[in-house]
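Student: Here it is: the structure, laid out below.
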Amino acid sequence: VASDALAAIVERVRHFESVSLRGCGRVEDDSMQMLALVLKSSRSLTSLDLSRCFALSDEGVIELAKALSRNTKLVTLRFAMCFRLTDRSLEQLATTLRRNKALQTLDVSSCSLLSDRGAIEVARALHSNHSLTRLDMSGCYAVTDTAVSVLADALHANSVLREVAMNGLYNIAEDGLRVLEEAAAARAAPLTLELSGIDHLTPERLERLRAALDAHGGSLVVEAPSPLDFSEFSTDNGSASGSSGYGIVPLASSPGRYGTPSSVGAGAGAGAAPL
């Protein structure tokens, strides 16, 4: 779908409940201006998936996020594998989260340019946001313990957020895991953490973190990713198909550091669903 084609159907889009432009590599920033108008007026649209829109950059996402500030219907927003997005996008989305009272799922997984700067702003916004229930930052490899510490602090104050995915964030080390464990232990509401592919998650730390989450009805999800496989990607038109998950490919059944994929704790399976 190119931008001119999207313009031709935008009037219909405002009446849809769900719109997926996933893998539409020719959708560019000017398309977001049209979708922003939809968000300002639509009383139907609840889900928007822009994953793998590889031409999409900060300018388009910022335009969309501003429109979302006053939207009361959209509950799911996905930007997975939008590789051009930077912390500027996350900063505007954080501003949106402070005002928006409807959004429940925000997915910025595998947006590899995102770093602590943007993640910290989102974490700070969670202190005043009371609608978001799932945050997926899997595969945002530049995120470190610095941002995780701010997120852990937000988890103390925010009891609405129930699922946080940080799969493949190999820069999370002992300090980050420790503050997550402390936040899980102090938190009264259930919390599911997805922490596949974290090198510093030792068996001992895993058991302590699992116990802290289980005590409040939460769970820990740890699965073994398969090696990277780009065979399902199409490069002739800038789109991709088939694969998903924090490592570009789906979480697979091959053994890994912790053996075969497993959900550790009650109810963990639902949190491991691919994009």
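Each chain of the structure tokens is named A, B, ... in the order shown, its residues numbered from 1; ligands are numbered from 1 in display order.
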Using DSSP secondary structure from the backbone, list all helix (DSSP H, G or I) positions within segment 151-236 of chain A, as an MDAnalysis selection string.
Tutor: chainID A and resid 151:157 174:186 203:214
Student: Might you pull out every residue within 7 Å of segment 29-36 of chain A, with only C-alpha atoms counted and same-chain residues fewer than 5 positions away left off, and present them as a list in words?
Tutor: Ser3, Val10, Leu56, Ser57, Glu59, Gly60, Val61, Glu63, Leu64 and Ala67 of chain A
Student: Report, in Å to a single decimal, how far apart atom CA of Ser110 of chain A and atom CA of Leu169 of chain A are.
Tutor: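 Interatomic distance, atom CA of Leu169 of chain A to atom CA of Ser110 of chain A: 10.0 Å.
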Student: Could you pull out the strand (DSSP E or B) residues of segment 121-240 of chain A from DSSP and send them as a count of residues only?
Tutor: 17
Student: Quick one: everything within 7 Å of His200 of chain A, counting only C-alpha atoms, minus sequence neighbours fewer than 2 positions away in the same chain. Send it as a PDB file with N, CA, C and O atoms, in the first residue's frame.
Tutor:
```pdb
ATOM      1  N   ALA A 173      21.733  -5.781  32.982  1.00  0.00           N
ATOM      2  CA  ALA A 173      22.690  -6.538  33.784  1.00  0.00           C
ATOM      3  C   ALA A 173      22.143  -6.745  35.194  1.00  0.00           C
ATOM      4  O   ALA A 173      20.954  -6.615  35.446  1.00  0.00           O
ATOM      5  N   GLU A 174      23.022  -7.041  36.121  1.00  0.00           N
ATOM      6  CA  GLU A 174      22.620  -7.408  37.477  1.00  0.00           C
ATOM      7  C   GLU A 174      21.824  -6.300  38.168  1.00  0.00           C
ATOM      8  O   GLU A 174      20.818  -6.565  38.838  1.00  0.00           O
ATOM      9  N   ILE A 198      18.126 -12.593  28.118  1.00  0.00           N
ATOM     10  CA  ILE A 198      18.869 -11.716  29.031  1.00  0.00           C
ATOM     11  C   ILE A 198      20.038 -12.518  29.607  1.00  0.00           C
ATOM     12  O   ILE A 198      19.844 -13.415  30.431  1.00  0.00           O
ATOM     13  N   THR A 202      20.606 -15.274  35.628  1.00  0.00           N
ATOM     14  CA  THR A 202      21.118 -16.560  36.069  1.00  0.00           C
ATOM     15  C   THR A 202      19.977 -17.411  36.635  1.00  0.00           C
ATOM     16  O   THR A 202      18.917 -16.884  36.981  1.00  0.00           O
TER      17      THR A 202
END
```
Student: Contacts of segment 114-116 of chain A at 8 Å or less, counting only C-alpha atoms, minus same-chain residues fewer than 5 places along, as a list in words?
Tutor: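 Selected residues are Leu85, Thr86, Asp87, Leu90, Cys140, Tyr141, Ala142, Val143, Thr144, Thr146 and Ala147 of chain A.
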Student: Store the residues picked out above in a file with N, CA and C atoms, as a compact mmCIF listing (two decimals), in the first residue's frame.
Tutor:
```txt
# COMPACT_ATOMS: atom_id res chain seq x y z
N LEU A 85 12.76 4.63 13.58
CA LEU A 85 12.28 5.41 14.72
C LEU A 85 13.39 5.60 15.76
N THR A 86 13.45 6.79 16.32
CA THR A 86 14.45 7.11 17.33
C THR A 86 13.75 7.53 18.63
N ASP A 87 14.55 8.00 19.57
CA ASP A 87 13.99 8.43 20.86
C ASP A 87 13.03 9.60 20.72
N LEU A 90 9.65 8.09 20.83
CA LEU A 90 9.27 7.65 22.17
C LEU A 90 8.95 8.83 23.08
N CYS A 140 14.88 -3.69 21.72
CA CYS A 140 15.44 -2.34 21.74
C CYS A 140 16.77 -2.42 22.47
N TYR A 141 17.78 -2.86 21.75
CA TYR A 141 19.01 -3.35 22.35
C TYR A 141 19.82 -2.31 23.10
N ALA A 142 19.59 -1.02 22.82
CA ALA A 142 20.37 0.03 23.47
C ALA A 142 19.83 0.37 24.85
N VAL A 143 18.71 -0.20 25.24
CA VAL A 143 18.14 0.06 26.56
C VAL A 143 18.98 -0.68 27.61
N THR A 144 19.33 0.03 28.68
CA THR A 144 20.23 -0.52 29.69
C THR A 144 19.59 -0.45 31.08
N THR A 146 19.98 1.69 33.25
CA THR A 146 19.58 3.06 33.59
C THR A 146 18.08 3.26 33.38
N ALA A 147 17.58 2.86 32.22
CA ALA A 147 16.15 2.98 31.94
C ALA A 147 15.34 1.98 32.74
```
Student: Have a look at A:Pro203, A:Gly176, A:Pro190, A:Gly218 and name the one nearest to Asp145 of chain A; count only C-alpha atoms.
Tutor: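 For Asp145 of chain A, the nearest of the given residues is A:Gly176.
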Student: I'd like the contact shell of Arg70 of chain A - 10 Å cut-off, only C-alpha atoms, skipping same-chain residues fewer than 4 positions apart - returned as a list in words.
Tutor: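 Near neighbours after the sequence-gap exclusion: Leu39, Lys40, Ser41, Ala65, Lys66, Thr96, Arg99, Asn100, Lys101 and Ala102 of chain A.
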Student: Rank A:Thr76, A:Thr95, A:Asn71, A:Ser149 by their smallest atom-to-atom distance to Ser20 of chain A, using only C-alpha atoms, and report the top residue only.
Tutor: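 Smallest distance to Ser20 of chain A is found for A:Thr76.
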Student: Go ahead and compute the interatomic distance for atom CA of Ala154 of chain A and atom CA of Lys73 of chain A, in Å to one decimal.
Tutor: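 Atom CA of Ala154 of chain A sits 24.6 Å away from atom CA of Lys73 of chain A.
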Student: Report as a PyMOL selection string all protein, DNA and RNA residues lying within 7 Å of Asp199 of chain A, evaluated on only C-alpha atoms, omitting residues in the same chain fewer than 2 positions from it.
Tutor: chain A and resi 170+197+201
Student: Restrict the selected residues to N, CA, C and O atoms and save them as a short mmCIF file (atom, residue, chain, number, x, y, z; two decimals), in the first residue's frame.
Tutor:
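Listing of again-v9.cif after writing:
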```cif
data_model
loop_
_atom_site.label_atom_id
_atom_site.label_comp_id
_atom_site.auth_asym_id
_atom_site.auth_seq_id
_atom_site.Cartn_x
_atom_site.Cartn_y
_atom_site.Cartn_z
N TYR A 170 20.03 -7.38 25.89
CA TYR A 170 21.21 -8.00 26.47
C TYR A 170 22.07 -7.04 27.27
O TYR A 170 23.02 -7.44 27.94
N GLY A 197 16.33 -14.07 26.56
CA GLY A 197 17.55 -13.55 25.94
C GLY A 197 18.30 -12.55 26.79
O GLY A 197 19.04 -11.72 26.26
N LEU A 201 20.51 -13.10 33.42
CA LEU A 201 19.43 -13.74 34.18
C LEU A 201 19.88 -15.16 34.54
O LEU A 201 19.57 -16.13 33.84
#
```
